[in-house]
>>> print(open('query-v3.cif').read())   # mmCIF, C-alpha atoms and all ligand atoms
data_structure
loop_
_atom_site.label_atom_id
_atom_site.label_comp_id
_atom_site.auth_asym_id
_atom_site.auth_seq_id
_atom_site.Cartn_x
_atom_site.Cartn_y
_atom_site.Cartn_z
CA MET A 842 -1.42 -7.88 -3.75
CA THR A 843 -3.72 -8.48 -0.83
CA ASP A 844 -6.19 -5.85 -2.03
CA ALA A 845 -7.84 -5.39 -5.39
CA PRO A 846 -5.08 -5.52 -7.97
CA LYS A 847 -3.49 -2.17 -8.84
CA LYS A 848 -3.94 -0.42 -12.16
CA GLY A 849 -1.86 -2.01 -14.86
CA TRP A 850 -1.74 -5.38 -13.12
CA PHE A 851 -3.36 -7.14 -16.07
CA SER A 852 -0.72 -5.87 -18.47
CA ARG A 853 1.99 -7.03 -16.05
CA LEU A 854 0.27 -10.41 -15.97
CA SER A 855 0.08 -10.54 -19.77
CA GLU A 856 3.67 -9.43 -20.15
CA GLY A 857 4.75 -12.06 -17.63
CA LEU A 858 2.83 -14.77 -19.43
CA SER A 859 3.86 -13.63 -22.90
CA ARG A 860 6.19 -16.56 -23.52
CA SER A 861 3.43 -18.99 -22.63
CA SER A 862 0.75 -17.17 -24.57
CA ARG A 863 2.97 -16.96 -27.64
CA GLN A 864 3.34 -20.73 -27.52
CA MET A 865 -0.41 -21.17 -27.08
CA THR A 866 -1.49 -18.78 -29.82
CA GLU A 867 1.12 -19.63 -32.41
CA GLN A 868 0.44 -23.31 -32.23
CA VAL A 869 -3.08 -23.85 -30.99
CA VAL A 870 -5.06 -20.89 -32.22
CA SER A 871 -3.58 -20.70 -35.69
CA ALA A 872 -4.49 -24.34 -36.32
CA PHE A 873 -8.18 -23.55 -35.87
CA VAL A 874 -8.15 -20.30 -37.75
CA LYS A 875 -6.59 -21.80 -40.83
CA GLU A 876 -8.79 -24.83 -41.21
CA PRO A 877 -12.25 -26.01 -40.23
CA LEU A 878 -12.51 -28.15 -37.16
CA SER A 879 -11.32 -31.60 -38.01
CA GLU A 880 -10.10 -34.60 -36.06
CA ALA A 881 -6.58 -33.71 -37.17
CA ALA A 882 -6.94 -30.20 -35.77
CA LEU A 883 -8.27 -31.60 -32.49
CA GLN A 884 -5.35 -33.97 -32.32
CA GLY A 885 -3.04 -31.03 -32.88
CA LEU A 886 -4.81 -29.17 -30.09
CA GLU A 887 -4.28 -32.11 -27.77
CA GLU A 888 -0.57 -32.27 -28.59
CA HIS A 889 -0.04 -28.56 -28.10
CA LEU A 890 -1.89 -28.49 -24.79
CA LEU A 891 0.22 -31.38 -23.53
CA GLU A 892 3.36 -29.61 -24.76
CA SER A 893 2.27 -26.56 -22.79
CA ASP A 894 2.18 -28.81 -19.71
CA LEU A 895 -1.54 -28.51 -19.08
CA GLY A 896 -1.62 -32.15 -18.07
CA PRO A 897 -3.68 -35.05 -19.48
CA ARG A 898 -6.84 -34.50 -17.42
CA ALA A 899 -7.40 -30.87 -18.34
CA THR A 900 -6.26 -31.51 -21.92
CA ASP A 901 -8.88 -34.24 -22.43
CA ARG A 902 -11.65 -32.01 -21.16
CA ILE A 903 -10.57 -28.99 -23.19
CA VAL A 904 -10.37 -31.06 -26.38
CA ALA A 905 -13.84 -32.49 -25.64
CA ARG A 906 -15.19 -28.96 -25.27
CA PHE A 907 -13.70 -27.92 -28.58
CA ARG A 908 -15.17 -30.98 -30.23
CA GLU A 909 -18.63 -29.88 -29.03
CA LEU A 910 -18.11 -26.33 -30.22
CA ARG A 911 -17.78 -27.32 -33.88
CA PHE A 912 -16.17 -24.17 -35.23
CA ALA A 913 -17.20 -23.46 -38.78
CA ALA A 914 -14.50 -23.20 -41.42
CA GLY A 915 -12.36 -20.16 -40.78
CA ALA A 916 -13.43 -19.34 -37.24
CA ASN A 917 -11.93 -16.01 -36.35
CA GLU A 918 -8.97 -15.81 -34.01
CA LEU A 919 -10.86 -14.02 -31.29
CA GLU A 920 -13.55 -16.72 -31.13
CA VAL A 921 -10.96 -19.45 -30.80
CA LYS A 922 -9.05 -17.57 -28.10
CA GLU A 923 -12.24 -16.83 -26.16
CA ALA A 924 -13.23 -20.49 -26.29
CA LEU A 925 -9.80 -21.62 -25.18
CA ALA A 926 -9.65 -19.10 -22.32
CA GLU A 927 -13.06 -20.21 -21.11
CA ALA A 928 -12.08 -23.86 -21.25
CA VAL A 929 -8.86 -23.25 -19.29
CA ALA A 930 -10.68 -21.06 -16.74
CA ALA A 931 -13.22 -23.84 -16.18
CA GLU A 932 -10.30 -26.06 -15.15
CA LEU A 933 -9.02 -23.53 -12.62
CA ILE A 934 -12.02 -21.78 -11.18
CA GLY A 935 -12.41 -24.20 -8.28
CA HIS A 936 -8.74 -23.88 -7.38
CA GLN A 937 -8.36 -20.20 -6.54
CA ALA A 938 -8.53 -18.41 -3.17
CA ARG A 939 -7.38 -15.14 -1.65
CA TYR A 940 -4.45 -14.59 0.66
CA ALA A 941 -5.83 -12.07 3.14
CA PRO A 942 -3.53 -11.75 6.17
CA LEU A 943 -5.07 -8.48 7.33
CA GLU A 944 -8.51 -10.05 7.63
CA GLY A 945 -7.53 -12.87 9.98
CA PRO A 946 -6.48 -13.06 13.64
CA ARG A 947 -3.70 -10.72 14.86
CA PRO A 948 -0.87 -11.34 14.58
CA PHE A 949 -1.55 -13.38 11.47
CA VAL A 950 1.20 -15.97 11.10
CA THR A 951 2.21 -17.16 7.63
CA LEU A 952 4.74 -19.93 7.15
CA PHE A 953 6.58 -20.10 3.80
CA VAL A 954 7.71 -23.53 2.64
CA GLY A 955 9.30 -24.83 -0.55
CA VAL A 956 12.63 -25.96 -1.94
CA ASN A 957 15.59 -23.59 -2.14
CA GLY A 958 15.47 -21.38 -5.19
CA SER A 959 11.71 -21.65 -5.64
CA GLY A 960 11.31 -17.94 -4.87
CA LYS A 961 10.27 -18.27 -1.23
CA THR A 962 12.37 -15.40 0.08
CA THR A 963 11.43 -13.10 -2.78
CA THR A 964 7.74 -13.90 -2.36
CA LEU A 965 7.93 -13.23 1.37
CA GLY A 966 9.74 -9.95 0.73
CA LYS A 967 7.18 -8.81 -1.84
CA ILE A 968 4.33 -9.61 0.57
CA ALA A 969 6.08 -7.74 3.39
CA SER A 970 6.49 -4.66 1.18
CA ASP A 971 2.84 -4.75 0.18
CA LEU A 972 1.67 -5.09 3.79
CA THR A 973 3.88 -2.36 5.25
CA ALA A 974 2.72 -0.07 2.42
CA GLN A 975 -0.80 -0.68 3.72
CA GLY A 976 0.33 0.43 7.17
CA ALA A 977 0.64 -3.02 8.76
CA LYS A 978 3.20 -3.77 11.46
CA VAL A 979 5.15 -6.68 10.00
CA MET A 980 7.74 -9.05 11.47
CA ILE A 981 9.92 -11.24 9.25
CA VAL A 982 11.45 -14.33 10.83
CA ALA A 983 14.45 -16.07 9.25
CA ALA A 984 13.85 -19.64 10.38
CA ASP A 985 16.34 -20.98 7.81
CA THR A 986 19.01 -20.64 10.48
CA PHE A 987 21.59 -22.77 8.69
CA ARG A 988 22.26 -20.52 5.74
CA ALA A 989 23.79 -17.13 6.45
CA ALA A 990 23.24 -16.08 2.83
CA ALA A 991 19.51 -16.78 3.07
CA ARG A 992 19.35 -14.71 6.27
CA GLU A 993 21.19 -11.81 4.68
CA GLN A 994 18.92 -11.81 1.64
CA LEU A 995 15.86 -11.75 3.88
CA LYS A 996 17.28 -8.95 5.98
CA VAL A 997 17.68 -6.82 2.87
CA TRP A 998 14.03 -7.42 2.01
CA ALA A 999 13.01 -6.55 5.59
CA GLU A 1000 14.93 -3.26 5.45
CA ARG A 1001 13.50 -2.41 2.07
CA ALA A 1002 9.96 -3.13 3.29
CA GLY A 1003 10.38 -1.39 6.65
CA ALA A 1004 9.55 -4.63 8.45
CA ASP A 1005 11.19 -5.86 11.66
CA PHE A 1006 13.55 -8.77 11.40
CA GLU A 1007 14.21 -11.70 13.75
CA SER A 1008 17.03 -14.16 13.22
CA ARG A 1009 19.58 -16.26 15.11
CA ARG A 1010 23.11 -17.47 14.67
CA ASP A 1011 23.95 -20.38 12.38
CA GLY A 1012 22.42 -23.66 13.41
CA ALA A 1013 20.07 -22.32 16.10
CA ASP A 1014 16.81 -24.25 16.53
CA PRO A 1015 14.34 -22.80 13.98
CA ALA A 1016 11.34 -23.84 16.10
CA GLY A 1017 12.74 -22.06 19.13
CA LEU A 1018 13.23 -18.92 17.08
CA ALA A 1019 9.69 -19.17 15.68
CA PHE A 1020 8.24 -19.59 19.17
CA ASP A 1021 10.10 -16.61 20.62
CA ALA A 1022 9.35 -14.40 17.63
CA TYR A 1023 5.62 -15.20 17.71
CA THR A 1024 5.52 -14.56 21.48
CA LYS A 1025 7.18 -11.20 20.94
CA ALA A 1026 4.85 -10.36 18.04
CA ARG A 1027 1.83 -10.95 20.26
CA ALA A 1028 3.25 -8.90 23.11
CA GLU A 1029 4.14 -6.04 20.77
CA ASN A 1030 0.92 -6.05 18.74
CA TYR A 1031 2.24 -6.98 15.33
CA ASP A 1032 -0.33 -7.43 12.58
CA VAL A 1033 1.55 -10.04 10.56
CA VAL A 1034 4.40 -12.50 11.14
CA LEU A 1035 6.08 -13.95 8.02
CA ILE A 1036 8.28 -16.98 8.68
CA ASP A 1037 10.80 -18.17 6.07
CA THR A 1038 11.88 -21.80 6.39
CA ALA A 1039 14.67 -23.98 5.04
CA GLY A 1040 14.18 -25.87 1.77
CA ARG A 1041 16.79 -28.57 1.50
CA LEU A 1042 15.10 -31.40 -0.31
CA GLN A 1043 18.06 -33.77 -0.25
CA ASN A 1044 17.19 -34.54 3.33
CA LYS A 1045 13.45 -34.83 3.01
CA SER A 1046 12.45 -36.41 6.30
CA ALA A 1047 14.64 -34.12 8.40
CA LEU A 1048 13.21 -31.13 6.57
CA MET A 1049 9.62 -32.26 7.14
CA ASP A 1050 10.37 -32.97 10.82
CA GLU A 1051 11.73 -29.45 11.16
CA LEU A 1052 8.65 -27.92 9.51
CA LEU A 1053 6.32 -29.97 11.67
CA LYS A 1054 8.22 -28.94 14.79
CA ILE A 1055 7.82 -25.27 13.87
CA VAL A 1056 4.09 -25.85 13.35
CA ARG A 1057 3.83 -27.65 16.73
CA VAL A 1058 5.46 -24.88 18.73
CA LEU A 1059 3.37 -22.19 17.03
CA LYS A 1060 0.25 -24.17 17.98
CA LYS A 1061 1.30 -24.07 21.64
CA ILE A 1062 0.70 -20.34 21.46
CA ASP A 1063 -2.41 -20.45 19.25
CA PRO A 1064 -3.92 -23.79 18.11
CA ASP A 1065 -4.95 -22.11 14.85
CA ALA A 1066 -1.40 -21.00 14.01
CA PRO A 1067 0.14 -20.89 11.50
CA HIS A 1068 -2.90 -19.20 10.02
CA GLU A 1069 -1.55 -19.79 6.56
CA THR A 1070 1.13 -22.11 5.15
CA LEU A 1071 2.13 -21.09 1.65
CA LEU A 1072 3.98 -23.56 -0.54
CA VAL A 1073 6.11 -21.69 -3.07
CA LEU A 1074 6.64 -23.50 -6.40
CA ASP A 1075 8.80 -22.48 -9.35
CA ALA A 1076 6.94 -22.74 -12.67
CA THR A 1077 10.17 -23.07 -14.65
CA VAL A 1078 10.81 -26.55 -13.25
CA GLY A 1079 7.69 -27.68 -15.11
CA ARG A 1080 6.23 -30.94 -13.98
CA ASN A 1081 8.79 -31.23 -11.18
CA ALA A 1082 6.59 -28.69 -9.42
CA LEU A 1083 3.99 -31.46 -9.23
CA ALA A 1084 6.39 -33.73 -7.36
CA GLN A 1085 7.26 -30.93 -4.93
CA GLU A 1086 3.59 -30.26 -4.33
CA GLN A 1087 3.10 -33.93 -3.47
CA ILE A 1088 6.00 -33.99 -1.00
CA PHE A 1089 5.16 -30.78 0.86
CA GLY A 1090 1.40 -31.04 0.45
CA ARG A 1091 1.25 -34.39 2.19
CA THR A 1092 3.15 -33.44 5.29
CA ALA A 1093 3.33 -29.70 5.83
CA TYR A 1094 -0.40 -28.77 6.09
CA VAL A 1095 -0.14 -26.47 3.10
CA SER A 1096 -3.10 -24.07 2.90
CA GLY A 1097 -2.20 -22.20 -0.27
CA LEU A 1098 0.12 -22.34 -3.26
CA VAL A 1099 2.25 -19.62 -4.80
CA MET A 1100 3.52 -20.25 -8.31
CA THR A 1101 6.53 -18.08 -9.13
CA LYS A 1102 8.54 -17.31 -12.28
CA LEU A 1103 5.63 -17.75 -14.66
CA ASP A 1104 7.44 -15.13 -16.76
CA GLY A 1105 10.42 -17.45 -17.14
CA THR A 1106 8.70 -20.25 -19.01
CA ALA A 1107 6.68 -20.91 -22.16
CA ARG A 1108 4.88 -23.65 -20.23
CA GLY A 1109 2.92 -21.61 -17.71
CA GLY A 1110 0.10 -24.08 -18.33
CA VAL A 1111 1.77 -26.29 -15.72
CA LEU A 1112 -0.15 -24.30 -13.15
CA VAL A 1113 -3.26 -26.26 -14.21
CA PRO A 1114 -2.18 -29.81 -13.26
CA VAL A 1115 -0.45 -28.51 -10.13
CA ALA A 1116 -3.65 -26.77 -9.01
CA GLN A 1117 -5.68 -29.86 -9.79
CA ALA A 1118 -3.34 -32.21 -7.93
CA SER A 1119 -3.28 -30.11 -4.80
CA ASP A 1120 -5.78 -29.98 -1.96
CA ALA A 1121 -4.73 -26.37 -1.44
CA PRO A 1122 -5.85 -23.59 -3.78
CA ILE A 1123 -3.54 -21.26 -5.70
CA LYS A 1124 -3.41 -17.93 -3.89
CA LEU A 1125 -0.64 -15.92 -5.53
CA ILE A 1126 1.40 -15.96 -8.72
CA GLY A 1127 4.76 -14.38 -9.58
CA VAL A 1128 5.16 -12.94 -13.05
CA GLY A 1129 8.45 -11.07 -12.62
CA GLU A 1130 11.02 -9.93 -10.09
CA GLY A 1131 9.43 -6.59 -9.17
CA VAL A 1132 7.33 -6.04 -6.06
CA ASP A 1133 4.21 -5.52 -8.19
CA ASP A 1134 4.83 -8.75 -10.06
CA LEU A 1135 3.41 -10.88 -7.26
CA GLN A 1136 -0.32 -10.96 -7.88
CA PRO A 1137 -3.44 -12.53 -6.41
CA PHE A 1138 -4.35 -15.55 -8.49
CA ASP A 1139 -7.44 -14.95 -10.59
CA ALA A 1140 -8.36 -18.00 -12.67
CA ARG A 1141 -10.22 -16.02 -15.32
CA ALA A 1142 -7.54 -13.35 -15.75
CA PHE A 1143 -4.80 -15.98 -15.80
CA SER A 1144 -6.60 -17.97 -18.49
CA ARG A 1145 -7.23 -14.92 -20.66
CA SER A 1146 -3.59 -13.85 -20.39
CA LEU A 1147 -2.41 -17.35 -21.13
CA VAL A 1148 -4.09 -17.24 -24.55
CA GLY A 1149 -3.12 -13.63 -25.21
CA LEU A 1150 -6.53 -11.99 -24.67
CA GLU A 1151 -7.26 -8.57 -23.17
CA ASN A 1152 -8.87 -8.50 -19.73
N1 LIG A 1201 11.59 -13.89 -13.19
C1 LIG A 1201 11.20 -14.13 -11.95
N2 LIG A 1201 12.10 -14.38 -11.00
C2 LIG A 1201 11.68 -14.64 -9.75
C3 LIG A 1201 10.30 -14.66 -9.40
N3 LIG A 1201 10.22 -14.97 -8.08
C4 LIG A 1201 11.49 -15.12 -7.64
N4 LIG A 1201 12.38 -14.92 -8.63
C5 LIG A 1201 13.85 -15.03 -8.59
O1 LIG A 1201 14.22 -16.36 -8.30
C6 LIG A 1201 15.45 -16.42 -7.60
C7 LIG A 1201 15.31 -17.30 -6.37
O2 LIG A 1201 14.42 -16.70 -5.48
P1 LIG A 1201 14.62 -16.76 -3.89
O3 LIG A 1201 13.53 -15.95 -3.33
O4 LIG A 1201 16.01 -16.47 -3.53
O5 LIG A 1201 14.33 -18.30 -3.64
P2 LIG A 1201 14.31 -19.09 -2.28
O6 LIG A 1201 13.30 -20.16 -2.46
O7 LIG A 1201 14.19 -18.22 -1.11
O8 LIG A 1201 15.70 -19.74 -2.35
P3 LIG A 1201 16.91 -19.70 -1.33
O9 LIG A 1201 17.23 -18.26 -1.12
O10 LIG A 1201 17.96 -20.43 -2.09
O11 LIG A 1201 16.38 -20.41 -0.13
C8 LIG A 1201 15.79 -14.97 -7.30
O12 LIG A 1201 16.76 -14.54 -8.23
C9 LIG A 1201 14.49 -14.21 -7.53
O13 LIG A 1201 14.69 -12.90 -7.93
C10 LIG A 1201 9.34 -14.41 -10.46
O14 LIG A 1201 8.12 -14.42 -10.28
N5 LIG A 1201 9.85 -14.15 -11.70
#
>>> encode(input="query-v3.cif", output="structure tokens", more="lines below")
Ligand SMILES: Nc1nc2c(ncn2[C@@H]2O[C@H](COP(=O)(O)OP(=O)(O)OP(=O)(O)O)[C@@H](O)[C@H]2O)c(=O)[nH]1
Amino acid sequence: MTDAPKKGWFSRLSEGLSRSSRQMTEQVVSAFVKEPLSEAALQGLEEHLLESDLGPRATDRIVARFRELRFAAGANELEVKEALAEAVAAELIGHQARYAPLEGPRPFVTLFVGVNGSGKTTTLGKIASDLTAQGAKVMIVAADTFRAAAREQLKVWAERAGADFESRRDGADPAGLAFDAYTKARAENYDVVLIDTAGRLQNKSALMDELLKIVRVLKKIDPDAPHETLLVLDATVGRNALAQEQIFGRTAYVSGLVMTKLDGTARGGVLVPVAQASDAPIKLIGVGEGVDDLQPFDARAFSRSLVGLEN
């Protein structure tokens, strides 16, 4: 996922987004194919885009674009889809960036943040597998020291990926673990260090303090570390993802977003308002549970898939 996408990635993307694209095409596209462009059709478009969670800002602009287009009576389906994909892509193009851990300093430290259940551990595991497959020496650090189950799950991913694993007993200081692990990774020439963190939102300020402490101790070793902080957000929680982005984005120096479980919702359009609300770009998306289902975010490909178009 850090290199050019593998063969078949677009069909995985389309399959993952099929629930969303079905919603988009059935409701939006058919309205324009059946009748000439009218105010009623535009109003329908607006409603459907909002229902797909694209958010009011993007929706207004997309509707305005369609108003300018003035489809003749009976525009064909392909034309409508192309126009819609272009309009959605225009909303996202400024909000994409690559996650490229093998192109940065060594070891490249990535911190994973997000609420429990967002797909943090799975995302980290998928990245580890991809990097070890490329020959990188990878260390996984379980800095969620309070939950034995989280540690165990991460260990399984580490074994599967062939990555080394650092953890501590229940309740150990996560920042201390992160410091020692990073020190070891430098001494032993690791390429990448992936640090999983806790995600208990019910105690927001303690959680943020803990994240900031981890960041502080990493900076003692290298002022530029962590070199990436990825906020993992679950698309199935819909607009709640926006609230999570606000909480983490304000305090945890997030440098990139990962939106997971886009295959589990018909409202994958929620990625649009989340991207637009965030200072950090979208770097990766999850469209299934398999290792190959974590993909680099490509605004154009995402938009085409979202409306059910071929690459
Ligand atoms: N369908 C689908 N499931 C996903 C995706 N990403 C993660 N999951 C699943 O979501 C569930 C939660 O993922 P975890 O990685 O355990 O989430 P976490 O944020 O680490 O949560 P904790 O382990 O509770 O801290 C798991 O069952 C994953 O398999 C995705 O892109 N698509």
>>> closest_residue(input="query-v3.cif", among="A:Glu1151, A:Glu856, A:Asp1134, A:Asp971", to="ligand LIG 1201 (chain A)", atoms="all atoms listed in the file")
A:Asp1134
>>> closest_atom_pairs(input="query-v3.cif", of="chain A", to="ligand LIG 1201 (chain A)", cutoff="8 Å", atoms="only C-alpha atoms and all ligand atoms", output="tab-separated table")
residue	atom	partner	partner_atom	distance
A:Gly955	CA	A:LIG1201	O6	6.4
A:Val956	CA	A:LIG1201	O6	5.9
A:Asn957	CA	A:LIG1201	O11	3.8
A:Gly958	CA	A:LIG1201	O8	3.3
A:Ser959	CA	A:LIG1201	O6	3.9
A:Gly960	CA	A:LIG1201	O5	3.3
A:Lys961	CA	A:LIG1201	O6	3.8
A:Thr962	CA	A:LIG1201	O7	3.6
A:Thr963	CA	A:LIG1201	O3	3.6
A:Thr964	CA	A:LIG1201	O3	6.2
A:Leu965	CA	A:LIG1201	O3	7.8
A:Asp985	CA	A:LIG1201	O11	8.0
A:Ala990	CA	A:LIG1201	O9	7.5
A:Ala991	CA	A:LIG1201	O9	5.0
A:Gln994	CA	A:LIG1201	O9	7.2
A:Asp1037	CA	A:LIG1201	O7	7.9
A:Ala1039	CA	A:LIG1201	O11	6.5
A:Gly1040	CA	A:LIG1201	O11	6.2
A:Val1073	CA	A:LIG1201	O6	7.4
A:Asp1075	CA	A:LIG1201	N3	7.7
A:Met1100	CA	A:LIG1201	O14	7.7
A:Thr1101	CA	A:LIG1201	O14	4.2
A:Lys1102	CA	A:LIG1201	N5	3.5
A:Leu1103	CA	A:LIG1201	O14	6.0
A:Asp1104	CA	A:LIG1201	N1	5.6
A:Gly1105	CA	A:LIG1201	N1	5.4
A:Ile1126	CA	A:LIG1201	O14	7.1
A:Gly1127	CA	A:LIG1201	O14	3.4
A:Val1128	CA	A:LIG1201	O14	4.3
A:Gly1129	CA	A:LIG1201	N5	3.5
A:Glu1130	CA	A:LIG1201	C1	4.6
A:Gly1131	CA	A:LIG1201	C10	7.9
A:Asp1134	CA	A:LIG1201	O14	6.6
A:Leu1135	CA	A:LIG1201	O14	6.6
>>> closest_residue(input="query-v3.cif", among="A:Arg853, A:Arg1009, A:Arg1091, A:Arg1141", to="Glu932 in chain A", atoms="all atoms listed in the file")
A:Arg1141
>>> atom_distance(input="query-v3.cif", atom1="CA of Ala1066 in chain A", atom2="CA of Leu995 in chain A")
22.0 Å
>>> atom_distance(input="query-v3.cif", atom1="CA of His1068 in chain A", atom2="CA of Ala1142 in chain A")
26.8 Å
>>> atom_distance(input="query-v3.cif", atom1="CA of Thr1106 in chain A", atom2="CA of Val874 in chain A")
25.2 Å
>>> closest_residue(input="query-v3.cif", among="A:Ala1028, A:Leu910, A:Asn917, A:Val1033", to="Gln975 in chain A", atoms="all atoms listed in the file")
A:Val1033
>>> residues_around(input="query-v3.cif", residues="Gln864 in chain A", least_positions_apart="3", cutoff="10 Å", atoms="only C-alpha atoms", output="JSON list (two decimals) with C-alpha atoms, keeping the file's coordinate frame")
[["chain", "number", "residue", "atom", "x", "y", "z"],
["A", 859, "SER", "CA", 3.86, -13.63, -22.90],
["A", 860, "ARG", "CA", 6.19, -16.56, -23.52],
["A", 861, "SER", "CA", 3.43, -18.99, -22.63],
["A", 867, "GLU", "CA", 1.12, -19.63, -32.41],
["A", 868, "GLN", "CA", 0.44, -23.31, -32.23],
["A", 869, "VAL", "CA", -3.08, -23.85, -30.99],
["A", 870, "VAL", "CA", -5.06, -20.89, -32.22],
["A", 889, "HIS", "CA", -0.04, -28.56, -28.10],
["A", 890, "LEU", "CA", -1.89, -28.49, -24.79],
["A", 892, "GLU", "CA", 3.36, -29.61, -24.76],
["A", 893, "SER", "CA", 2.27, -26.56, -22.79],
["A", 1107, "ALA", "CA", 6.68, -20.91, -22.16],
["A", 1108, "ARG", "CA", 4.88, -23.65, -20.23],
["A", 1109, "GLY", "CA", 2.92, -21.61, -17.71],
["A", 1147, "LEU", "CA", -2.41, -17.35, -21.13],
["A", 1148, "VAL", "CA", -4.09, -17.24, -24.55],
["A", 1149, "GLY", "CA", -3.12, -13.63, -25.21]]
>>> residues_around(input="query-v3.cif", residues="Val1095 in chain A", least_positions_apart="3", cutoff="9 Å", atoms="all atoms listed in the file", output="VMD selection string")
chain A and resid 954 1069 to 1072 1089 to 1092 1098 1120 to 1121
>>> write_last_selection(input="query-v3.cif", atoms="C-alpha atoms", output="mmCIF file, in the frame of the given file")
data_model
loop_
_atom_site.group_PDB
_atom_site.id
_atom_site.type_symbol
_atom_site.label_atom_id
_atom_site.label_comp_id
_atom_site.auth_asym_id
_atom_site.auth_seq_id
_atom_site.Cartn_x
_atom_site.Cartn_y
_atom_site.Cartn_z
ATOM 1 C CA VAL A 954 7.710 -23.530 2.640
ATOM 2 C CA GLU A 1069 -1.550 -19.790 6.560
ATOM 3 C CA THR A 1070 1.130 -22.110 5.150
ATOM 4 C CA LEU A 1071 2.130 -21.090 1.650
ATOM 5 C CA LEU A 1072 3.980 -23.560 -0.540
ATOM 6 C CA PHE A 1089 5.160 -30.780 0.860
ATOM 7 C CA GLY A 1090 1.400 -31.040 0.450
ATOM 8 C CA ARG A 1091 1.250 -34.390 2.190
ATOM 9 C CA THR A 1092 3.150 -33.440 5.290
ATOM 10 C CA LEU A 1098 0.120 -22.340 -3.260
ATOM 11 C CA ASP A 1120 -5.780 -29.980 -1.960
ATOM 12 C CA ALA A 1121 -4.730 -26.370 -1.440
#
>>> residues_around(input="query-v3.cif", residues="Arg1057 in chain A", least_positions_apart="4", cutoff="12 Å", atoms="all atoms listed in the file", output="ChimeraX atom specification")
/A:1015-1017,1019-1020,1050-1053,1061-1067,1093-1094
>>> residues_around(input="query-v3.cif", residues="Ala1004 in chain A", least_positions_apart="3", cutoff="6 Å", atoms="only C-alpha atoms", output="list in words")
Val979, Met980 and Ala999 of chain A
>>> closest_residue(input="query-v3.cif", among="A:Leu1018, A:Leu972, A:Ala1013, A:Ala882", to="Phe907 in chain A", atoms="all atoms listed in the file")
A:Ala882
>>> closest_residue(input="query-v3.cif", among="A:Ala1022, A:Asn1030, A:Lys967, A:Glu909", to="Gly1003 in chain A", atoms="all atoms listed in the file")
A:Lys967
>>> closest_residue(input="query-v3.cif", among="A:Leu1035, A:Leu943, A:Ala977, A:Leu1083", to="Ala1116 in chain A", atoms="all atoms listed in the file")
A:Leu1083
>>> residues_around(input="query-v3.cif", residues="Arg1145 in chain A", least_positions_apart="4", cutoff="10 Å", atoms="all atoms listed in the file", output="ChimeraX atom specification")
/A:851,854-855,862,922-927,929-930,1140-1141,1149-1152
>>> write_last_selection(input="query-v3.cif", atoms="C-alpha atoms", output="short mmCIF file (atom, residue, chain, number, x, y, z; two decimals), in the coordinates of the input")
data_model
loop_
_atom_site.label_atom_id
_atom_site.label_comp_id
_atom_site.auth_asym_id
_atom_site.auth_seq_id
_atom_site.Cartn_x
_atom_site.Cartn_y
_atom_site.Cartn_z
CA PHE A 851 -3.36 -7.14 -16.07
CA LEU A 854 0.27 -10.41 -15.97
CA SER A 855 0.08 -10.54 -19.77
CA SER A 862 0.75 -17.17 -24.57
CA LYS A 922 -9.05 -17.57 -28.10
CA GLU A 923 -12.24 -16.83 -26.16
CA ALA A 924 -13.23 -20.49 -26.29
CA LEU A 925 -9.80 -21.62 -25.18
CA ALA A 926 -9.65 -19.10 -22.32
CA GLU A 927 -13.06 -20.21 -21.11
CA VAL A 929 -8.86 -23.25 -19.29
CA ALA A 930 -10.68 -21.06 -16.74
CA ALA A 1140 -8.36 -18.00 -12.67
CA ARG A 1141 -10.22 -16.02 -15.32
CA GLY A 1149 -3.12 -13.63 -25.21
CA LEU A 1150 -6.53 -11.99 -24.67
CA GLU A 1151 -7.26 -8.57 -23.17
CA ASN A 1152 -8.87 -8.50 -19.73
#
>>> axis_aligned_box(input="query-v3.cif", around="range 913-929 of chain A", padding_each_side="4 Å", output="JSON")
{"center_x": -13.0, "center_y": -18.9, "center_z": -30.4, "size_x": 16.3, "size_y": 17.8, "size_z": 30.1}
>>> decode(input="query-v3.cif", residues="range 985-992 of chain A", atoms="N, CA and C atoms", output="mmCIF file, in the first residue's frame")
data_model
loop_
_atom_site.group_PDB
_atom_site.id
_atom_site.type_symbol
_atom_site.label_atom_id
_atom_site.label_comp_id
_atom_site.auth_asym_id
_atom_site.auth_seq_id
_atom_site.Cartn_x
_atom_site.Cartn_y
_atom_site.Cartn_z
ATOM 1 N N ASP A 985 -0.612 0.513 24.072
ATOM 2 C CA ASP A 985 -1.852 0.422 24.837
ATOM 3 C C ASP A 985 -1.583 -0.629 25.905
ATOM 4 N N THR A 986 -0.886 -0.206 26.973
ATOM 5 C CA THR A 986 -0.402 -1.189 27.945
ATOM 6 C C THR A 986 -1.478 -1.653 28.915
ATOM 7 N N PHE A 987 -2.654 -1.002 28.855
ATOM 8 C CA PHE A 987 -3.685 -1.359 29.838
ATOM 9 C C PHE A 987 -4.548 -2.530 29.412
ATOM 10 N N ARG A 988 -4.564 -2.820 28.136
ATOM 11 C CA ARG A 988 -5.480 -3.861 27.665
ATOM 12 C C ARG A 988 -4.723 -5.060 27.112
ATOM 13 N N ALA A 989 -4.757 -6.139 27.874
ATOM 14 C CA ALA A 989 -4.038 -7.353 27.468
ATOM 15 C C ALA A 989 -4.558 -7.867 26.127
ATOM 16 N N ALA A 990 -5.867 -7.739 25.914
ATOM 17 C CA ALA A 990 -6.456 -8.248 24.673
ATOM 18 C C ALA A 990 -5.910 -7.495 23.459
ATOM 19 N N ALA A 991 -5.766 -6.182 23.624
ATOM 20 C CA ALA A 991 -5.236 -5.356 22.525
ATOM 21 C C ALA A 991 -3.798 -5.772 22.208
ATOM 22 N N ARG A 992 -3.039 -6.043 23.272
ATOM 23 C CA ARG A 992 -1.638 -6.482 23.104
ATOM 24 C C ARG A 992 -1.572 -7.804 22.361
#
